[in-house]
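Student: Below is run-v1.pdb; it holds PDB, C-alpha atoms.
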ATOM      1  CA  MET A 183      91.908-115.056  58.705
ATOM      2  CA  SER A 184      94.718-112.630  58.027
ATOM      3  CA  ASN A 185      95.422-110.710  54.873
ATOM      4  CA  SER A 186      97.403-107.607  54.028
ATOM      5  CA  THR A 187      94.366-105.834  52.524
ATOM      6  CA  ILE A 188      90.874-105.526  53.936
ATOM      7  CA  VAL A 189      87.571-104.202  52.614
ATOM      8  CA  ARG A 190      85.070-102.227  54.658
ATOM      9  CA  MET A 191      81.506-102.809  53.516
ATOM     10  CA  LYS A 192      78.098-101.678  54.663
ATOM     11  CA  ILE A 193      75.317-104.226  54.183
ATOM     12  CA  THR A 194      71.732-103.005  54.382
ATOM     13  CA  LEU A 195      68.652-105.221  54.480
ATOM     14  CA  ASP A 196      66.375-103.684  51.853
ATOM     15  CA  ASP A 197      62.747-102.670  52.376
ATOM     16  CA  VAL A 198      62.722-103.384  56.129
ATOM     17  CA  THR A 199      61.651-100.888  58.808
ATOM     18  CA  PRO A 200      63.118-100.238  61.363
ATOM     19  CA  ALA A 201      66.430-100.168  59.463
ATOM     20  CA  VAL A 202      68.749-103.175  59.656
ATOM     21  CA  SER A 203      72.400-102.908  58.602
ATOM     22  CA  ARG A 204      75.872-104.193  59.395
ATOM     23  CA  THR A 205      79.278-102.644  58.709
ATOM     24  CA  LEU A 206      82.048-105.200  58.363
ATOM     25  CA  GLU A 207      85.707-105.460  57.478
ATOM     26  CA  VAL A 208      86.762-108.612  55.644
ATOM     27  CA  PRO A 209      89.933-109.712  53.860
ATOM     28  CA  LEU A 210      89.936-108.621  50.232
ATOM     29  CA  ASN A 211      90.875-112.149  49.158
ATOM     30  CA  ILE A 212      87.957-113.831  50.976
ATOM     31  CA  ARG A 213      86.165-116.533  48.992
ATOM     32  CA  LEU A 214      82.561-115.618  48.175
ATOM     33  CA  ASP A 215      81.133-118.661  49.953
ATOM     34  CA  ARG A 216      82.933-117.539  53.099
ATOM     35  CA  LEU A 217      81.686-113.979  52.633
ATOM     36  CA  HIS A 218      78.185-115.483  52.562
ATOM     37  CA  THR A 219      78.928-117.157  55.905
ATOM     38  CA  VAL A 220      80.207-113.859  57.344
ATOM     39  CA  ILE A 221      77.021-112.045  56.275
ATOM     40  CA  GLN A 222      74.869-114.828  57.730
ATOM     41  CA  THR A 223      76.770-114.555  61.010
ATOM     42  CA  ALA A 224      76.611-110.757  61.134
ATOM     43  CA  PHE A 225      72.826-110.742  60.650
ATOM     44  CA  SER A 226      72.243-113.908  62.724
ATOM     45  CA  TRP A 227      70.477-115.576  59.812
ATOM     46  CA  THR A 228      70.313-119.370  60.136
ATOM     47  CA  ASP A 229      71.837-120.290  56.744
ATOM     48  CA  SER A 230      68.953-122.641  56.020
ATOM     49  CA  HIS A 231      67.889-121.287  52.609
ATOM     50  CA  LEU A 232      69.327-120.787  49.127
ATOM     51  CA  TRP A 233      71.318-117.631  48.485
ATOM     52  CA  GLU A 234      73.028-115.724  45.686
ATOM     53  CA  MET A 235      75.516-112.874  45.408
ATOM     54  CA  SER A 236      75.023-110.723  42.303
ATOM     55  CA  PHE A 237      77.607-108.444  40.733
ATOM     56  CA  GLY A 238      75.682-106.816  37.897
ATOM     57  CA  GLN A 239      74.341-109.665  35.777
ATOM     58  CA  THR A 240      76.744-112.239  37.242
ATOM     59  CA  GLY A 241      75.510-114.367  40.119
ATOM     60  CA  PHE A 242      77.489-116.559  42.508
ATOM     61  CA  GLY A 243      76.213-119.229  44.862
ATOM     62  CA  ILE A 244      76.440-122.983  45.375
ATOM     63  CA  PRO A 245      75.464-124.599  42.051
ATOM     64  CA  ASP A 246      72.715-127.213  42.130
ATOM     65  CA  PRO A 247      73.029-129.968  39.479
ATOM     66  CA  GLU A 248      69.260-129.756  38.981
ATOM     67  CA  TYR A 249      69.651-126.287  37.490
ATOM     68  CA  GLY A 250      72.250-127.386  34.942
ATOM     69  CA  PHE A 251      74.146-124.442  33.475
ATOM     70  CA  ASP A 252      71.415-121.944  34.371
ATOM     71  CA  GLY A 253      72.418-121.719  38.011
ATOM     72  CA  PRO A 254      74.921-119.361  39.637
ATOM     73  CA  LEU A 255      78.690-119.572  39.260
ATOM     74  CA  ASP A 256      80.446-121.476  42.042
ATOM     75  CA  ALA A 257      81.094-119.090  44.956
ATOM     76  CA  ARG A 258      83.682-121.548  46.327
ATOM     77  CA  LYS A 259      85.874-120.878  43.299
ATOM     78  CA  ALA A 260      85.770-117.066  43.318
ATOM     79  CA  THR A 261      87.251-114.463  45.635
ATOM     80  CA  LEU A 262      86.091-110.931  46.330
ATOM     81  CA  THR A 263      89.389-109.677  44.877
ATOM     82  CA  GLN A 264      88.763-111.387  41.540
ATOM     83  CA  VAL A 265      85.135-110.363  41.209
ATOM     84  CA  LEU A 266      85.678-106.707  42.132
ATOM     85  CA  ALA A 267      88.594-106.519  39.679
ATOM     86  CA  ASP A 268      86.549-108.158  36.905
ATOM     87  CA  THR A 269      83.364-106.151  37.414
ATOM     88  CA  ARG A 270      84.873-102.852  38.638
ATOM     89  CA  ARG A 271      81.885-102.461  40.933
ATOM     90  CA  LYS A 272      81.629-100.775  44.331
ATOM     91  CA  THR A 273      78.213-102.248  45.075
ATOM     92  CA  PHE A 274      76.641-105.661  44.778
ATOM     93  CA  ARG A 275      73.576-107.522  45.999
ATOM     94  CA  TYR A 276      73.104-110.458  48.315
ATOM     95  CA  LEU A 277      69.845-112.417  48.217
ATOM     96  CA  TYR A 278      68.973-114.823  51.014
ATOM     97  CA  ASP A 279      65.973-117.168  50.833
ATOM     98  CA  PHE A 280      64.514-117.163  47.334
ATOM     99  CA  GLY A 281      61.008-117.549  48.798
ATOM    100  CA  ASP A 282      60.980-114.690  51.315
ATOM    101  CA  ALA A 283      63.506-112.787  49.168
ATOM    102  CA  TRP A 284      65.598-110.980  51.777
ATOM    103  CA  GLU A 285      67.576-108.613  49.532
ATOM    104  CA  HIS A 286      70.697-106.958  50.923
ATOM    105  CA  SER A 287      72.504-104.015  49.308
ATOM    106  CA  VAL A 288      76.269-104.158  49.810
ATOM    107  CA  LYS A 289      78.411-101.053  49.397
ATOM    108  CA  ILE A 290      82.208-101.128  49.418
ATOM    109  CA  GLU A 291      83.167 -98.145  51.560
ATOM    110  CA  HIS A 292      86.931 -98.470  51.887
ATOM    111  CA  VAL A 293      89.910-100.633  50.953
ATOM    112  CA  SER A 294      92.952-100.389  53.188
ATOM    113  CA  ALA A 295      95.833-102.220  54.787
ATOM    114  CA  ALA A 296      94.892-104.681  57.499
ATOM    115  CA  SER A 297      95.919-103.957  61.068
ATOM    116  CA  PRO A 298      98.384-106.562  62.400
ATOM    117  CA  HIS A 299      96.650-106.260  65.790
ATOM    118  CA  LEU A 300      93.169-107.182  64.560
ATOM    119  CA  THR A 301      91.493-110.407  63.483
ATOM    120  CA  TYR A 302      89.279-110.459  60.409
ATOM    121  CA  PRO A 303      86.371-110.667  59.640
ATOM    122  CA  LEU A 304      85.433-107.829  61.973
ATOM    123  CA  ILE A 305      82.136-106.118  62.755
ATOM    124  CA  LEU A 306      82.318-102.334  63.144
ATOM    125  CA  ASP A 307      78.652-101.452  63.494
ATOM    126  CA  ALA A 308      75.307-103.221  63.775
ATOM    127  CA  VAL A 309      71.918-101.512  63.553
ATOM    128  CA  GLY A 310      68.602-103.227  64.082
ATOM    129  CA  MET A 311      67.445-106.797  64.561
ATOM    130  CA  ARG A 312      66.770-108.756  61.430
ATOM    131  CA  PRO A 313      63.224-110.097  61.017
ATOM    132  CA  PRO A 314      62.408-113.698  61.945
ATOM    133  CA  GLU A 315      62.955-116.132  59.110
ATOM    134  CA  ASP A 316      60.016-117.543  57.159
ATOM    135  CA  CYS A 317      57.760-114.591  57.992
ATOM    136  CA  GLY A 318      56.888-113.661  54.400
ATOM    137  CA  GLY A 319      59.756-111.391  53.403
ATOM    138  CA  PRO A 320      59.844-107.601  53.904
ATOM    139  CA  TRP A 321      56.155-107.060  53.074
ATOM    140  CA  GLY A 322      54.925-110.046  55.061
ATOM    141  CA  TYR A 323      57.033-108.862  58.002
ATOM    142  CA  ALA A 324      55.587-105.322  57.776
ATOM    143  CA  GLU A 325      52.041-106.713  57.759
ATOM    144  CA  LYS A 326      52.769-108.967  60.737
ATOM    145  CA  LEU A 327      54.310-106.087  62.701
ATOM    146  CA  GLU A 328      51.151-104.060  62.113
ATOM    147  CA  ALA A 329      48.986-106.966  63.241
ATOM    148  CA  LEU A 330      51.215-107.644  66.254
ATOM    149  CA  GLY A 331      50.792-104.088  67.507
ATOM    150  CA  ASP A 332      46.992-104.200  67.277
ATOM    151  CA  PRO A 333      45.236-106.800  69.475
ATOM    152  CA  GLN A 334      42.016-106.145  67.507
ATOM    153  CA  HIS A 335      43.665-106.911  64.159
ATOM    154  CA  GLU A 336      42.159-109.924  62.395
ATOM    155  CA  HIS A 337      45.641-111.454  61.956
ATOM    156  CA  HIS A 338      46.929-110.624  65.458
ATOM    157  CA  GLU A 339      47.021-114.253  66.603
ATOM    158  CA  GLU A 340      48.831-115.331  63.444
ATOM    159  CA  ALA A 341      51.418-112.576  63.944
ATOM    160  CA  LEU A 342      51.865-113.644  67.574
ATOM    161  CA  GLU A 343      52.489-117.197  66.449
ATOM    162  CA  THR A 344      54.989-116.183  63.748
ATOM    163  CA  LEU A 345      56.870-113.395  65.520
ATOM    164  CA  GLY A 346      56.362-114.309  69.171
ATOM    165  CA  ASP A 347      54.857-112.081  71.854
ATOM    166  CA  ASP A 348      58.328-110.885  72.889
ATOM    167  CA  HIS A 349      59.377-109.722  69.403
ATOM    168  CA  ASP A 350      60.745-106.178  69.509
ATOM    169  CA  PRO A 351      61.574-104.670  66.089
ATOM    170  CA  ASN A 352      63.448-101.862  67.866
ATOM    171  CA  ALA A 353      65.767-104.164  69.801
ATOM    172  CA  GLN A 354      69.472-103.898  69.065
ATOM    173  CA  PRO A 355      71.721-106.801  68.061
ATOM    174  CA  ASP A 356      74.052-108.553  70.481
ATOM    175  CA  ILE A 357      77.334-107.213  69.084
ATOM    176  CA  PRO A 358      79.614-109.141  71.508
ATOM    177  CA  LEU A 359      77.927-112.380  70.413
ATOM    178  CA  ILE A 360      78.449-111.507  66.729
ATOM    179  CA  GLU A 361      82.080-110.611  67.481
ATOM    180  CA  ALA A 362      82.630-113.965  69.177
ATOM    181  CA  ARG A 363      81.088-115.878  66.259
ATOM    182  CA  LEU A 364      83.188-113.990  63.708
ATOM    183  CA  GLU A 365      86.297-114.634  65.771
ATOM    184  CA  ALA A 366      85.453-118.348  65.724
ATOM    185  CA  LEU A 367      85.218-118.199  61.922
ATOM    186  CA  ALA A 368      88.591-116.433  61.738
ATOM    187  CA  LYS A 369      90.187-119.221  63.796
ATOM    188  CA  LYS A 370      88.502-121.908  61.709
ATOM    189  CA  TRP A 371      89.759-120.345  58.460
ATOM    190  CA  ALA A 372      93.253-119.460  59.692
ATOM    191  CA  PRO A 373      96.042-121.024  57.603
ATOM    192  CA  ARG A 374      97.400-124.159  59.207
ATOM    193  CA  THR A 375     101.091-124.032  60.150
ATOM    194  CA  ARG A 376     103.004-127.030  58.900
ATOM    195  CA  ARG A 377     104.983-129.018  61.399
ATOM    196  CA  LYS A 378     108.572-129.726  60.555
ATOM    197  CA  ALA A 379     109.356-133.400  60.184
TER     198      ALA A 379
END
Could you express the structure from this file as structure tokens?
Tutor:
Amino acid sequence: MSNSTIVRMKITLDDVTPAVSRTLEVPLNIRLDRLHTVIQTAFSWTDSHLWEMSFGQTGFGIPDPEYGFDGPLDARKATLTQVLADTRRKTFRYLYDFGDAWEHSVKIEHVSAASPHLTYPLILDAVGMRPPEDCGGPWGYAEKLEALGDPQHEHHEEALETLGDDHDPNAQPDIPLIEARLEALAKKWAPRTRRKA
């Protein structure tokens, strides 16, 4: 996905220790539903839960007819350019999984011209492994980590079952794998060239 202007953003998973964050560059004109996909890819989430992007009091997601008009605005019909211009914000929030409530703080660090030699979206930095999904959110994860590290803990077996005996909260993400997945997205979203008749 090419664009003349790109945005550098740092995304931090709130209330999780050890720290988990990703620094990305994305086209300024990216649709919000695609930005959701980029964030999912960067954190290796499985995109199997509801999500919402919030700019102040305005939320974007994929509307569900069951919610009527109370649901989020359609992320497929909004771009980052439009929303940042409308809200004049340099930060916003991304919520993944309404049950576990994985909150991410997103900070716009820089807006600049895109490099003609690079493909976007691009990952610049990745710190920490995100927690396993469906483990109870930040507080449930913290409790399970404590239990995992103590074989005498009354919930040790439950933590083993949820996190796995090979879970290492200090492991580092596979950046080349994330790069390859983002590159695949860039190819998928690249404008199609029309053939001359």
Student: Give as a ChimeraX atom specification the residues that the PyMOL selection byres ((chain A and resi 270-279) around 6) matches when applied to the coordinates above.
Tutor: /A:231-237,266-269,280-290
Student: Keeping C-alpha atoms for every residue in the selection just given, could you write it to a file as a PDB file, in the frame of the given file?
Tutor:
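Contents of again_38.pdb, as written:
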ATOM      1  CA  HIS A 231      67.889-121.287  52.609  1.00  0.00           C
ATOM      2  CA  LEU A 232      69.327-120.787  49.127  1.00  0.00           C
ATOM      3  CA  TRP A 233      71.318-117.631  48.485  1.00  0.00           C
ATOM      4  CA  GLU A 234      73.028-115.724  45.686  1.00  0.00           C
ATOM      5  CA  MET A 235      75.516-112.874  45.408  1.00  0.00           C
ATOM      6  CA  SER A 236      75.023-110.723  42.303  1.00  0.00           C
ATOM      7  CA  PHE A 237      77.607-108.444  40.733  1.00  0.00           C
ATOM      8  CA  LEU A 266      85.678-106.707  42.132  1.00  0.00           C
ATOM      9  CA  ALA A 267      88.594-106.519  39.679  1.00  0.00           C
ATOM     10  CA  ASP A 268      86.549-108.158  36.905  1.00  0.00           C
ATOM     11  CA  THR A 269      83.364-106.151  37.414  1.00  0.00           C
ATOM     12  CA  PHE A 280      64.514-117.163  47.334  1.00  0.00           C
ATOM     13  CA  GLY A 281      61.008-117.549  48.798  1.00  0.00           C
ATOM     14  CA  ASP A 282      60.980-114.690  51.315  1.00  0.00           C
ATOM     15  CA  ALA A 283      63.506-112.787  49.168  1.00  0.00           C
ATOM     16  CA  TRP A 284      65.598-110.980  51.777  1.00  0.00           C
ATOM     17  CA  GLU A 285      67.576-108.613  49.532  1.00  0.00           C
ATOM     18  CA  HIS A 286      70.697-106.958  50.923  1.00  0.00           C
ATOM     19  CA  SER A 287      72.504-104.015  49.308  1.00  0.00           C
ATOM     20  CA  VAL A 288      76.269-104.158  49.810  1.00  0.00           C
ATOM     21  CA  LYS A 289      78.411-101.053  49.397  1.00  0.00           C
ATOM     22  CA  ILE A 290      82.208-101.128  49.418  1.00  0.00           C
TER      23      ILE A 290
END
Student: Skip Ile357 in chain A itself and residues of its chain fewer than 3 positions away, then list as a PyMOL selection string all residues within 9 Å of it, counting all atoms listed in the file.
Tutor: chain A and resi 224+305+307-308+354+360-362
Student: I need the residue set behind the PyMOL selection byres ((chain A and resi 316-326) around 9) for this file; please write it as a ChimeraX atom specification.
Tutor: /A:196-199,279,281-285,313-315,327-331,337-338,340-342,344-345
Student: Ranking A:Arg258, A:Lys369, A:Arg312, A:Arg213 by minimum distance to Ala353 in chain A and counting only C-alpha atoms, which one comes first?
Tutor: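 Residue with the minimum atom-to-atom distance to Ala353 in chain A: A:Arg312.
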Student: Can you measure CA of Thr219 in chain A to CA of Gly238 in chain A for me? One decimal in Å is fine.
Tutor: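 Computing it gives 21.0 Å between the two atoms.
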Student: Show which residues sit within 7 Å of Ala295 in chain A, as a list in words. Count all atoms listed in the file, and ignore same-chain residues fewer than 5 positions away.
Tutor: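 Contacts, with the query itself left out: Ser186, Thr187 and Ile188 of chain A.
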Student: List as a ChimeraX atom specification the protein and nucleic acid residues near Arg363 in chain A, meaning an atom at most 12 Å away when all atoms listed in the file are counted, but skip any in the same chain fewer than 2 places from it.
Tutor: /A:219-226,302-305,356-361,365-370
Student: Go ahead and save the residues from that selection, with C-alpha atoms, as a PDB file, in the frame of the given file.
Tutor:
ATOM      1  CA  THR A 219      78.928-117.157  55.905  1.00  0.00           C
ATOM      2  CA  VAL A 220      80.207-113.859  57.344  1.00  0.00           C
ATOM      3  CA  ILE A 221      77.021-112.045  56.275  1.00  0.00           C
ATOM      4  CA  GLN A 222      74.869-114.828  57.730  1.00  0.00           C
ATOM      5  CA  THR A 223      76.770-114.555  61.010  1.00  0.00           C
ATOM      6  CA  ALA A 224      76.611-110.757  61.134  1.00  0.00           C
ATOM      7  CA  PHE A 225      72.826-110.742  60.650  1.00  0.00           C
ATOM      8  CA  SER A 226      72.243-113.908  62.724  1.00  0.00           C
ATOM      9  CA  TYR A 302      89.279-110.459  60.409  1.00  0.00           C
ATOM     10  CA  PRO A 303      86.371-110.667  59.640  1.00  0.00           C
ATOM     11  CA  LEU A 304      85.433-107.829  61.973  1.00  0.00           C
ATOM     12  CA  ILE A 305      82.136-106.118  62.755  1.00  0.00           C
ATOM     13  CA  ASP A 356      74.052-108.553  70.481  1.00  0.00           C
ATOM     14  CA  ILE A 357      77.334-107.213  69.084  1.00  0.00           C
ATOM     15  CA  PRO A 358      79.614-109.141  71.508  1.00  0.00           C
ATOM     16  CA  LEU A 359      77.927-112.380  70.413  1.00  0.00           C
ATOM     17  CA  ILE A 360      78.449-111.507  66.729  1.00  0.00           C
ATOM     18  CA  GLU A 361      82.080-110.611  67.481  1.00  0.00           C
ATOM     19  CA  GLU A 365      86.297-114.634  65.771  1.00  0.00           C
ATOM     20  CA  ALA A 366      85.453-118.348  65.724  1.00  0.00           C
ATOM     21  CA  LEU A 367      85.218-118.199  61.922  1.00  0.00           C
ATOM     22  CA  ALA A 368      88.591-116.433  61.738  1.00  0.00           C
ATOM     23  CA  LYS A 369      90.187-119.221  63.796  1.00  0.00           C
ATOM     24  CA  LYS A 370      88.502-121.908  61.709  1.00  0.00           C
TER      25      LYS A 370
END
Student: Identify which of the residues A:Val293, A:Thr228, A:Trp371, A:Ile212 lies closest to Ala257 in chain A, counting only C-alpha atoms when measuring atom-to-atom distances.
Tutor: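 Going through A:Val293, A:Thr228, A:Trp371, A:Ile212 one by one, the smallest distance to Ala257 in chain A is for A:Ile212.
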